[in-house]
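Chemist: Sharing work27.cif, mmCIF, C-alpha atoms:
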```cif
data_final
loop_
_atom_site.label_atom_id
_atom_site.label_comp_id
_atom_site.auth_asym_id
_atom_site.auth_seq_id
_atom_site.Cartn_x
_atom_site.Cartn_y
_atom_site.Cartn_z
CA MET A 1 10.30 -43.20 -38.43
CA ASN A 2 7.34 -40.92 -39.05
CA LEU A 3 5.11 -42.03 -36.18
CA GLU A 4 1.97 -40.41 -37.49
CA LYS A 5 2.33 -41.82 -41.02
CA THR A 6 3.08 -45.33 -39.77
CA LEU A 7 0.10 -45.16 -37.41
CA PHE A 8 -2.09 -44.02 -40.31
CA ASP A 9 -0.79 -46.65 -42.74
CA TYR A 10 -1.31 -49.61 -40.43
CA HIS A 11 -4.16 -48.59 -38.11
CA TRP A 12 -6.48 -46.06 -39.79
CA ASP A 13 -9.92 -47.39 -40.66
CA GLN A 14 -10.22 -46.58 -44.37
CA SER A 15 -13.95 -47.23 -44.35
CA GLY A 16 -14.80 -44.85 -41.54
CA GLN A 17 -13.08 -42.81 -38.92
CA GLY A 18 -10.61 -43.61 -36.22
CA TYR A 19 -7.76 -45.98 -35.59
CA PHE A 20 -7.95 -49.73 -35.05
CA LEU A 21 -6.04 -50.88 -31.97
CA THR A 22 -4.17 -53.58 -33.88
CA ALA A 23 -2.12 -53.21 -37.06
CA SER A 24 -3.53 -54.31 -40.42
CA ASP A 25 -0.87 -57.04 -40.68
CA ALA A 26 -1.22 -58.33 -37.09
CA ASN A 27 -2.63 -61.85 -36.87
CA ASP A 28 -2.93 -62.30 -33.10
CA LEU A 29 -6.62 -61.42 -32.92
CA VAL A 30 -9.51 -62.63 -35.04
CA VAL A 31 -11.10 -59.21 -35.03
CA ARG A 32 -9.55 -55.75 -34.98
CA PRO A 33 -10.87 -53.80 -32.00
CA LYS A 34 -11.61 -50.12 -32.53
CA ASN A 35 -12.76 -48.26 -29.45
CA ASP A 36 -13.23 -44.63 -28.53
CA ALA A 37 -13.48 -45.03 -24.76
CA ASP A 38 -10.61 -44.55 -22.34
CA GLU A 39 -9.82 -47.33 -19.93
CA ALA A 40 -7.33 -47.00 -17.08
CA ALA A 41 -4.96 -45.60 -19.68
CA PRO A 42 -6.26 -43.33 -22.42
CA ASN A 43 -7.45 -44.58 -25.78
CA ALA A 44 -5.38 -44.00 -28.93
CA ASN A 45 -8.28 -42.21 -30.63
CA GLY A 46 -8.64 -39.82 -27.71
CA ILE A 47 -4.90 -39.09 -27.63
CA MET A 48 -4.83 -38.45 -31.38
CA ALA A 49 -7.82 -36.15 -31.15
CA ARG A 50 -6.03 -34.22 -28.40
CA THR A 51 -2.66 -33.96 -30.15
CA MET B 1 -14.50 -65.86 -39.46
CA LYS B 2 -16.17 -63.60 -42.04
CA ILE B 3 -19.24 -63.25 -39.85
CA LEU B 4 -17.10 -62.37 -36.86
CA ARG B 5 -15.23 -59.73 -38.79
CA LYS B 6 -18.47 -58.23 -40.07
CA ALA B 7 -20.04 -58.20 -36.61
CA ASN B 8 -16.93 -56.53 -35.29
CA GLN B 9 -17.13 -53.73 -37.83
CA GLY B 10 -20.56 -52.80 -36.63
CA ALA B 11 -19.82 -53.20 -32.95
CA THR B 12 -16.68 -51.14 -32.77
CA GLN B 13 -17.52 -48.07 -34.82
CA VAL B 14 -15.99 -45.00 -33.27
CA THR B 15 -18.79 -42.70 -32.17
CA GLN B 16 -19.65 -40.28 -34.93
CA GLY B 17 -20.08 -36.59 -34.38
CA THR B 18 -18.39 -36.00 -31.03
CA THR B 19 -18.98 -32.29 -30.48
CA PRO B 20 -17.84 -29.82 -27.80
CA SER B 21 -21.39 -29.63 -26.45
CA LEU B 22 -21.53 -33.42 -26.17
CA LEU B 23 -18.43 -33.24 -23.94
CA ASP B 24 -20.19 -30.62 -21.78
CA THR B 25 -23.22 -32.89 -21.47
CA ALA B 26 -21.00 -35.86 -20.58
CA ALA B 27 -19.20 -33.87 -17.87
CA LYS B 28 -22.50 -32.58 -16.47
CA GLN B 29 -24.06 -36.04 -16.28
CA LEU B 30 -20.96 -37.74 -14.89
CA PHE B 31 -20.70 -35.05 -12.23
CA GLY B 32 -23.86 -36.54 -10.77
CA VAL B 33 -22.06 -39.74 -9.73
CA THR B 34 -19.16 -38.00 -7.98
CA ASP B 35 -18.45 -38.12 -4.26
CA PRO B 36 -18.69 -34.65 -2.64
CA VAL B 37 -17.01 -35.84 0.57
CA ASN B 38 -14.07 -37.94 -0.65
CA GLY B 39 -13.79 -36.84 -4.26
CA GLY B 40 -13.74 -39.30 -7.15
CA ILE B 41 -16.74 -41.47 -7.97
CA ARG B 42 -19.18 -42.32 -5.18
CA GLY B 43 -18.73 -45.62 -3.35
CA ALA B 44 -15.93 -48.18 -3.44
CA PRO B 45 -13.59 -49.36 -4.79
CA LYS B 46 -12.11 -46.03 -5.77
CA PHE B 47 -9.93 -45.78 -8.85
CA PRO B 48 -8.28 -42.42 -9.58
CA GLN B 49 -10.02 -42.38 -13.00
CA ALA B 50 -7.54 -39.92 -14.42
CA GLY B 51 -9.36 -39.72 -17.76
CA LEU B 52 -12.56 -38.69 -16.03
CA LEU B 53 -10.79 -36.12 -13.86
CA GLU B 54 -9.24 -34.69 -17.01
CA LEU B 55 -12.71 -34.42 -18.57
CA PHE B 56 -13.91 -32.48 -15.50
CA TRP B 57 -10.83 -30.27 -15.56
CA ARG B 58 -11.39 -29.39 -19.22
CA ALA B 59 -15.11 -28.83 -18.59
CA GLY B 60 -14.17 -26.37 -15.83
CA LEU B 61 -11.82 -24.46 -18.14
CA LYS B 62 -14.46 -24.31 -20.84
CA THR B 63 -17.63 -23.58 -18.91
CA HIS B 64 -16.09 -21.60 -16.00
CA ASP B 65 -18.32 -23.65 -13.69
CA LYS B 66 -16.24 -23.63 -10.52
CA ARG B 67 -17.64 -26.93 -9.27
CA TYR B 68 -15.57 -28.96 -11.76
CA HIS B 69 -12.18 -27.72 -10.61
CA ASP B 70 -13.27 -27.81 -6.96
CA LEU B 71 -14.09 -31.49 -7.40
CA VAL B 72 -10.80 -32.34 -9.14
CA ILE B 73 -8.80 -30.46 -6.49
CA LYS B 74 -10.78 -32.15 -3.71
CA THR B 75 -10.16 -35.57 -5.30
CA LEU B 76 -6.44 -34.91 -5.68
CA MET B 77 -6.16 -33.66 -2.09
CA GLN B 78 -7.74 -36.90 -0.85
CA ILE B 79 -5.61 -39.12 -3.13
CA CYS B 80 -2.46 -37.26 -2.01
CA SER B 81 -3.42 -37.69 1.66
CA GLY B 82 -4.85 -41.22 1.65
CA GLY B 83 -3.14 -44.59 1.90
CA ILE B 84 -3.40 -44.94 -1.89
CA TYR B 85 -0.29 -42.73 -1.85
CA ASP B 86 2.97 -44.17 -0.50
CA HIS B 87 3.87 -41.51 2.06
CA LEU B 88 7.42 -42.77 2.51
CA GLY B 89 8.49 -43.69 -0.99
CA GLY B 90 6.24 -41.69 -3.30
CA GLY B 91 4.02 -43.07 -6.06
CA PHE B 92 0.31 -43.85 -6.24
CA ALA B 93 -1.24 -47.31 -6.05
CA ARG B 94 -3.82 -48.50 -8.59
CA TYR B 95 -6.93 -48.05 -6.47
CA ALA B 96 -8.33 -48.00 -2.97
CA VAL B 97 -10.73 -50.72 -1.83
CA ASP B 98 -12.67 -48.29 0.42
CA GLU B 99 -14.43 -45.02 -0.28
CA GLU B 100 -11.98 -42.84 1.68
CA TRP B 101 -8.86 -43.77 -0.34
CA LEU B 102 -7.37 -45.36 2.79
CA VAL B 103 -6.65 -49.01 1.90
CA PRO B 104 -4.90 -49.42 -1.42
CA HIS B 105 -4.52 -52.38 -3.68
CA PHE B 106 -0.75 -52.11 -3.31
CA GLU B 107 0.20 -52.23 -6.95
CA ASN B 108 1.80 -49.28 -8.70
CA MET B 109 1.21 -48.77 -12.39
CA LEU B 110 3.26 -46.50 -14.61
CA TYR B 111 0.19 -45.13 -16.41
CA ASP B 112 -1.63 -44.05 -13.23
CA ASN B 113 1.39 -42.22 -11.93
CA ALA B 114 1.95 -40.52 -15.28
CA GLN B 115 -1.64 -39.30 -15.53
CA LEU B 116 -1.73 -38.17 -11.90
CA ILE B 117 1.50 -36.17 -12.34
CA VAL B 118 -0.16 -34.29 -15.22
CA LEU B 119 -3.34 -33.60 -13.24
CA LEU B 120 -1.35 -32.51 -10.18
CA SER B 121 0.67 -30.16 -12.40
CA GLU B 122 -2.46 -28.50 -13.78
CA ALA B 123 -4.03 -28.34 -10.33
CA PHE B 124 -0.83 -26.85 -8.87
CA VAL B 125 -0.81 -24.05 -11.46
CA GLU B 126 -4.32 -23.07 -10.48
CA SER B 127 -4.31 -23.69 -6.72
CA GLY B 128 -0.66 -23.21 -5.75
CA GLN B 129 -1.29 -26.06 -3.32
CA ASP B 130 2.04 -27.11 -1.78
CA LEU B 131 0.82 -30.67 -1.28
CA PHE B 132 0.56 -31.09 -5.06
CA ARG B 133 4.08 -29.78 -5.64
CA VAL B 134 5.55 -32.14 -3.04
CA ARG B 135 3.62 -35.15 -4.39
CA ILE B 136 4.91 -34.44 -7.91
CA GLU B 137 8.50 -34.16 -6.65
CA GLU B 138 8.25 -37.33 -4.55
CA THR B 139 6.61 -39.30 -7.35
CA ILE B 140 9.26 -38.20 -9.87
CA ALA B 141 11.88 -39.37 -7.32
CA TRP B 142 10.00 -42.69 -6.94
CA LEU B 143 10.00 -43.12 -10.72
CA GLU B 144 13.75 -42.62 -10.85
CA ARG B 145 14.49 -44.82 -7.84
CA GLU B 146 12.09 -47.72 -8.34
CA ILE B 147 10.86 -47.85 -11.91
CA THR B 148 13.63 -46.61 -14.19
CA THR B 149 15.60 -49.41 -15.80
CA GLU B 150 18.94 -49.44 -17.55
CA GLY B 151 19.20 -47.20 -20.61
CA GLY B 152 16.20 -45.01 -19.83
CA GLY B 153 13.36 -47.50 -19.75
CA PHE B 154 10.39 -47.08 -17.41
CA ALA B 155 9.11 -50.44 -16.14
CA ALA B 156 5.40 -51.19 -16.37
CA SER B 157 4.47 -51.83 -12.73
CA LEU B 158 5.46 -52.81 -9.20
CA ASP B 159 3.71 -55.82 -7.66
CA ALA B 160 1.36 -55.57 -4.68
CA ASP B 161 2.81 -58.60 -2.90
CA SER B 162 6.08 -59.42 -1.28
CA GLU B 163 6.82 -62.51 0.81
CA HIS B 164 3.39 -63.86 -0.33
CA GLU B 165 1.49 -61.08 1.38
CA GLU B 166 -0.20 -58.08 -0.16
CA GLY B 167 1.14 -54.77 1.08
CA ARG B 168 3.71 -56.34 3.41
CA PHE B 169 6.44 -54.06 2.12
CA TYR B 170 4.39 -50.92 2.83
CA VAL B 171 2.55 -51.37 6.15
CA TRP B 172 3.79 -50.96 9.73
CA TYR B 173 3.14 -52.17 13.24
CA ALA B 174 3.16 -49.20 15.59
CA SER B 175 5.56 -51.09 17.89
CA ASP B 176 8.16 -51.35 15.10
CA ILE B 177 8.13 -47.61 14.59
CA GLU B 178 8.20 -46.94 18.34
CA LYS B 179 11.46 -48.89 18.56
CA ILE B 180 13.15 -46.77 15.90
CA LEU B 181 12.08 -43.21 16.79
CA SER B 182 12.67 -41.02 19.83
CA PRO B 183 9.56 -40.66 22.06
CA ASP B 184 8.95 -37.09 20.84
CA ASP B 185 9.30 -38.04 17.19
CA TYR B 186 7.09 -41.07 17.73
CA THR B 187 4.34 -38.90 19.25
CA LEU B 188 4.49 -36.41 16.39
CA PHE B 189 4.47 -39.22 13.83
CA THR B 190 1.49 -41.02 15.39
CA GLN B 191 -0.50 -37.78 15.48
CA THR B 192 0.23 -37.02 11.83
CA TYR B 193 0.11 -40.42 10.15
CA ASP B 194 -2.85 -42.22 11.77
CA LEU B 195 -0.47 -44.63 13.52
CA MET B 196 -1.86 -46.49 16.54
CA PRO B 197 -1.18 -49.78 18.29
CA SER B 198 -4.47 -51.27 17.09
CA GLY B 199 -3.68 -50.28 13.50
CA ASN B 200 -6.06 -49.02 10.82
CA TRP B 201 -5.97 -52.15 8.64
CA GLU B 202 -5.86 -55.73 9.92
CA GLY B 203 -3.88 -54.70 13.01
CA LYS B 204 -1.29 -52.90 10.95
CA THR B 205 -1.08 -49.28 9.86
CA ILE B 206 -1.29 -47.90 6.36
CA LEU B 207 0.37 -44.51 6.72
CA ASN B 208 -1.89 -41.64 5.70
CA TRP B 209 -2.76 -38.13 6.74
CA LEU B 210 -6.44 -38.10 5.92
CA CYS B 211 -7.09 -36.74 9.41
CA SER B 212 -4.32 -34.16 9.66
CA ALA B 213 -3.66 -30.80 8.06
CA PRO B 214 -0.66 -30.95 5.75
CA TYR B 215 2.14 -28.40 6.06
CA SER B 216 0.47 -26.46 8.85
CA ASN B 217 3.69 -26.09 10.80
CA PRO B 218 7.08 -25.70 9.01
CA GLU B 219 9.11 -26.78 12.04
CA GLU B 220 7.07 -29.97 12.41
CA GLU B 221 7.24 -30.62 8.68
CA GLU B 222 11.03 -30.48 8.85
CA ARG B 223 11.01 -33.07 11.63
CA LEU B 224 8.54 -35.23 9.71
CA THR B 225 10.76 -35.14 6.62
CA ARG B 226 13.64 -36.46 8.72
CA ILE B 227 11.43 -39.15 10.28
CA ARG B 228 10.18 -40.28 6.88
CA GLN B 229 13.77 -40.66 5.72
CA ILE B 230 14.58 -42.82 8.77
CA LEU B 231 11.56 -45.03 8.12
CA LEU B 232 12.21 -45.29 4.40
CA LYS B 233 15.73 -46.47 5.16
CA GLU B 234 14.35 -49.03 7.59
CA ARG B 235 11.78 -50.18 5.04
CA ASP B 236 14.49 -50.65 2.43
CA LYS B 237 15.72 -53.64 4.48
CA ARG B 238 12.51 -55.53 3.63
CA VAL B 239 12.00 -57.90 0.72
CA ARG B 240 10.83 -55.71 -2.16
CA PRO B 241 7.78 -56.34 -4.34
CA ALA B 242 8.76 -57.63 -7.78
CA LEU B 243 9.15 -55.19 -10.64
CA ASP B 244 7.39 -56.00 -13.89
CA ASP B 245 10.22 -54.73 -16.05
CA LYS B 246 8.64 -55.08 -19.44
CA ILE B 247 8.55 -51.76 -21.23
CA LEU B 248 5.42 -50.65 -23.05
CA ALA B 249 5.74 -47.68 -25.38
CA ASP B 250 2.26 -46.32 -24.62
CA TRP B 251 2.60 -46.11 -20.82
CA LYS B 252 6.10 -44.85 -21.26
CA GLY B 253 4.97 -42.14 -23.66
CA LEU B 254 2.46 -40.95 -21.05
CA MET B 255 5.21 -40.69 -18.44
CA ILE B 256 7.54 -38.81 -20.79
CA ALA B 257 4.80 -36.24 -21.45
CA ALA B 258 4.07 -36.08 -17.69
CA ARG B 259 7.72 -35.36 -16.81
CA VAL B 260 7.83 -32.59 -19.39
CA ARG B 261 4.64 -30.99 -18.04
CA ALA B 262 5.85 -31.22 -14.44
CA SER B 263 9.24 -29.75 -15.38
CA GLU B 264 7.53 -26.77 -17.02
CA VAL B 265 5.16 -26.15 -14.14
CA LEU B 266 7.70 -26.52 -11.33
CA ALA B 267 10.63 -25.03 -13.29
CA ARG B 268 12.72 -28.21 -13.03
CA PRO B 269 14.58 -28.44 -16.37
CA GLU B 270 16.64 -31.37 -15.05
CA TRP B 271 13.54 -33.58 -15.27
CA LEU B 272 13.65 -33.28 -19.06
CA PHE B 273 16.88 -35.27 -19.34
CA LEU B 274 15.35 -38.60 -18.31
CA ALA B 275 12.31 -37.89 -20.47
CA GLU B 276 14.63 -37.42 -23.45
CA CYS B 277 16.54 -40.63 -22.61
CA ALA B 278 13.25 -42.48 -22.37
CA PHE B 279 12.13 -41.20 -25.75
CA HIS B 280 15.43 -42.21 -27.35
CA PHE B 281 14.90 -45.66 -25.88
CA ILE B 282 11.57 -45.87 -27.73
CA SER B 283 12.97 -44.59 -31.02
CA GLU B 284 16.11 -46.73 -30.88
CA SER B 285 15.50 -49.90 -28.85
CA MET B 286 11.76 -50.29 -29.44
CA THR B 287 11.78 -49.77 -33.20
CA GLY B 288 12.55 -52.15 -36.04
CA SER B 289 11.87 -52.16 -39.81
CA GLY B 290 10.23 -48.78 -39.55
CA ARG B 291 7.67 -49.92 -36.97
CA LEU B 292 7.16 -49.60 -33.23
CA GLY B 293 7.35 -52.82 -31.26
CA HIS B 294 4.87 -54.18 -28.74
CA SER B 295 6.83 -54.68 -25.56
CA TRP B 296 10.50 -54.77 -24.72
CA ARG B 297 12.05 -56.97 -22.08
CA SER B 298 15.61 -58.22 -21.58
CA ARG B 299 16.61 -56.85 -24.97
CA ARG B 300 13.81 -58.72 -26.73
CA LEU B 301 11.18 -56.80 -28.63
CA SER B 302 7.90 -58.27 -29.87
CA PHE B 303 5.97 -56.94 -32.90
CA PRO B 304 3.83 -55.24 -34.03
CA GLY B 305 2.83 -52.39 -31.71
CA LEU B 306 -0.69 -51.16 -31.02
CA ALA B 307 -2.24 -47.85 -32.08
CA SER B 308 -1.96 -46.56 -28.52
CA TYR B 309 1.82 -46.99 -28.66
CA TYR B 310 2.08 -44.66 -31.64
CA ALA B 311 -0.43 -42.20 -30.21
CA ASN B 312 1.40 -41.90 -26.88
CA ALA B 313 4.82 -41.75 -28.55
CA ILE B 314 3.44 -38.83 -30.62
CA LEU B 315 2.13 -37.24 -27.40
CA ALA B 316 5.61 -37.64 -25.87
CA ALA B 317 7.38 -36.24 -28.94
CA LEU B 318 5.16 -33.15 -29.01
CA ALA B 319 5.71 -32.59 -25.28
CA LEU B 320 9.48 -32.89 -25.72
CA TYR B 321 9.41 -30.47 -28.64
CA ARG B 322 7.57 -27.99 -26.42
CA GLY B 323 9.98 -28.58 -23.54
CA THR B 324 13.27 -28.52 -25.46
CA ALA B 325 12.46 -26.63 -28.71
CA ASN B 326 14.47 -29.36 -30.49
CA PRO B 327 12.91 -29.70 -33.97
CA ASN B 328 14.05 -33.33 -34.25
CA TYR B 329 11.07 -34.30 -32.08
CA ILE B 330 8.54 -33.30 -34.73
#
```
What is this structure when it is put down as structure tokens?

Modeler:
Amino acid sequence: MNLEKTLFDYHWDQSGQGYFLTASDANDLVVRPKNDADEAAPNANGIMART
Amino acid sequence: MKILRKANQGATQVTQGTTPSLLDTAAKQLFGVTDPVNGGIRGAPKFPQAGLLELFWRAGLKTHDKRYHDLVIKTLMQICSGGIYDHLGGGFARYAVDEEWLVPHFENMLYDNAQLIVLLSEAFVESGQDLFRVRIEETIAWLEREITTEGGGFAASLDADSEHEEGRFYVWYASDIEKILSPDDYTLFTQTYDLMPSGNWEGKTILNWLCSAPYSNPEEEERLTRIRQILLKERDKRVRPALDDKILADWKGLMIAARVRASEVLARPEWLFLAECAFHFISESMTGSGRLGHSWRSRRLSFPGLASYYANAILAALALYRGTANPNYI
């Protein structure tokens, strides 16, 4: 699996910048959170900016 | 539903225009809330706040303002000496309820330990502080002994409670230790580890060396190592806190990257092996239909994974590529 491509295909916000936390085909949440702040563990957007 | 979705789009926009100077400003302003005596953020409870410490570390590298690295090193010294660290078994608890890092909430999370191993590695390179090297080694050993599950998984966390009591597994009555050790060893141990009959927490003792100077005497340190082994063996007879053995790819990715960094810094190539096993676990057992799963437990995988799982798996893959030069990781 190409991790970066799969992340982009299912999580990238096409209308702006950054990655949504949940996948585009996930139905568990009503809304798709997209944050840029770290919590106790780092945020996906921060990690991707670093790598 | 439509309204909710629309509201969400506005509310969760990733901040536009993050610039290097904005990071400098953030570090400068956040420095104002730090604790010059105990490290970390002023007041209690005290969480390690690894992300914040990393911000300060990077700010120090960038601005050459010595205060940033001094603060991170001070914080790590306190965390490595306080009760938030398990002085017998290795590993860091989630947070301390007091401002001196003495009384932990006795729960060990994979992500905290991963992030602290990375910070300790960077701090060791700069300071050469032996305490940091030993804490990395002991925490790697803890990871292998307590947290690693069959097939190269790293479990998510260790509970705080055992036998319906928080911290019971970790704390001591002075009288119990007195029974086990020789009088000389007992005296040395009490002087080093804040052990007294009245205890330092609810009549019991949380082992710590906040009040002693680490590694000041090699002969004593050798004796203390032997004493710690005796006590760890004794402690192993107790009922253990439960292991939350679900496996989350994001926390696991952090720990893989941490093991690689520590192995580079301390020249311990053998630490890469388990990191590689752990990564193979993600790419084999936690993957299906070209996607990463959410969490894995007892051979069951739920779907789909979160963005952080991919991001941290990428972080782990890049670290492993750096550590092994194996092009299959990229």

Chemist: Selection in question (the file shown): the PyMOL selection byres ((chain B and resi 214) around 12). Which residues does it include, as JSON, numbers by chain?

Modeler: {"B": [77, 78, 80, 81, 82, 129, 130, 131, 132, 134, 135, 191, 192, 193, 208, 209, 210, 211, 212, 213, 215, 216, 217, 218, 220, 221, 224]}

Chemist: Quick one, how far is CA of Pro33 in chain A from CA of Gly253 in chain B?

Modeler: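 Distance reported for this atom pair: 21.4 Å.
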
Chemist: Once the PyMOL selection byres ((chain A and resi 10-25) around 6) has been applied to the shown file, what residues remain in the selection, as a PyMOL selection string?

Modeler: (chain A and resi 7-9+26+32-34) or (chain B and resi 306-307)

Chemist: Write out as number ranges by chain the residues lying within 10 Å of Val37 in chain B, counting all atoms listed in the file and excluding same-chain residues fewer than 6 positions away.

Modeler: B: 71, 74-75, 78, 99-100

Chemist: Name the residues in contact with Glu39 in chain A at a cut-off of 12 Å, using only C-alpha atoms, excluding same-chain residues fewer than 5 positions from it; report them as number ranges by chain.

Modeler: A: 44-46; B: 47-52, 111-112, 308

Chemist: Any idea what the distance is between CA of Val239 in chain B and CA of Ser157 in chain B?

Modeler: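 For CA of Val239 in chain B relative to CA of Ser157 in chain B, the distance reads 16.6 Å.
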
Chemist: When you draw a straight line from CA of Ile84 in chain B to CA of Val171 in chain B, how long is it in Å?

Modeler: 11.9 Å

Chemist: Any chance you could resolve the PyMOL selection byres ((chain B and resi 314) around 8) against this file and give the residues as a list in words?

Modeler: Leu3, Glu4 and Thr51 of chain A; Gly253, Tyr310, Ala311, Asn312, Ala313, Leu315, Ala316, Ala317 and Leu318 of chain B

Chemist: I'd like to know which of B:Leu232, B:Pro327, B:Asp250, B:Pro197 is closest to Pro42 in chain A, using only C-alpha atoms.

Modeler: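 That would be B:Asp250, the residue with the smallest distance to Pro42 in chain A.
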
Chemist: Is it possible to get the residues within 12 Å of (12.0, -43.7, -29.3) (coordinates as in the file, counting all atoms listed in the file) written as an NGL selection string?

Modeler: (:A and (1-3)) or (:B and (151-153 or 247-250 or 252-253 or 256 or 275-288 or 290-293 or 309-310 or 312-317 or 320 or 328-329))

Chemist: Residues within 7 Å of His294 in chain B, please, as a list in words. Count all atoms listed in the file; anything in the same chain fewer than 3 positions from it doesn't count.

Modeler: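 That gives Leu248, Leu301, Ser302, Phe303, Pro304, Gly305 and Leu306 of chain B.
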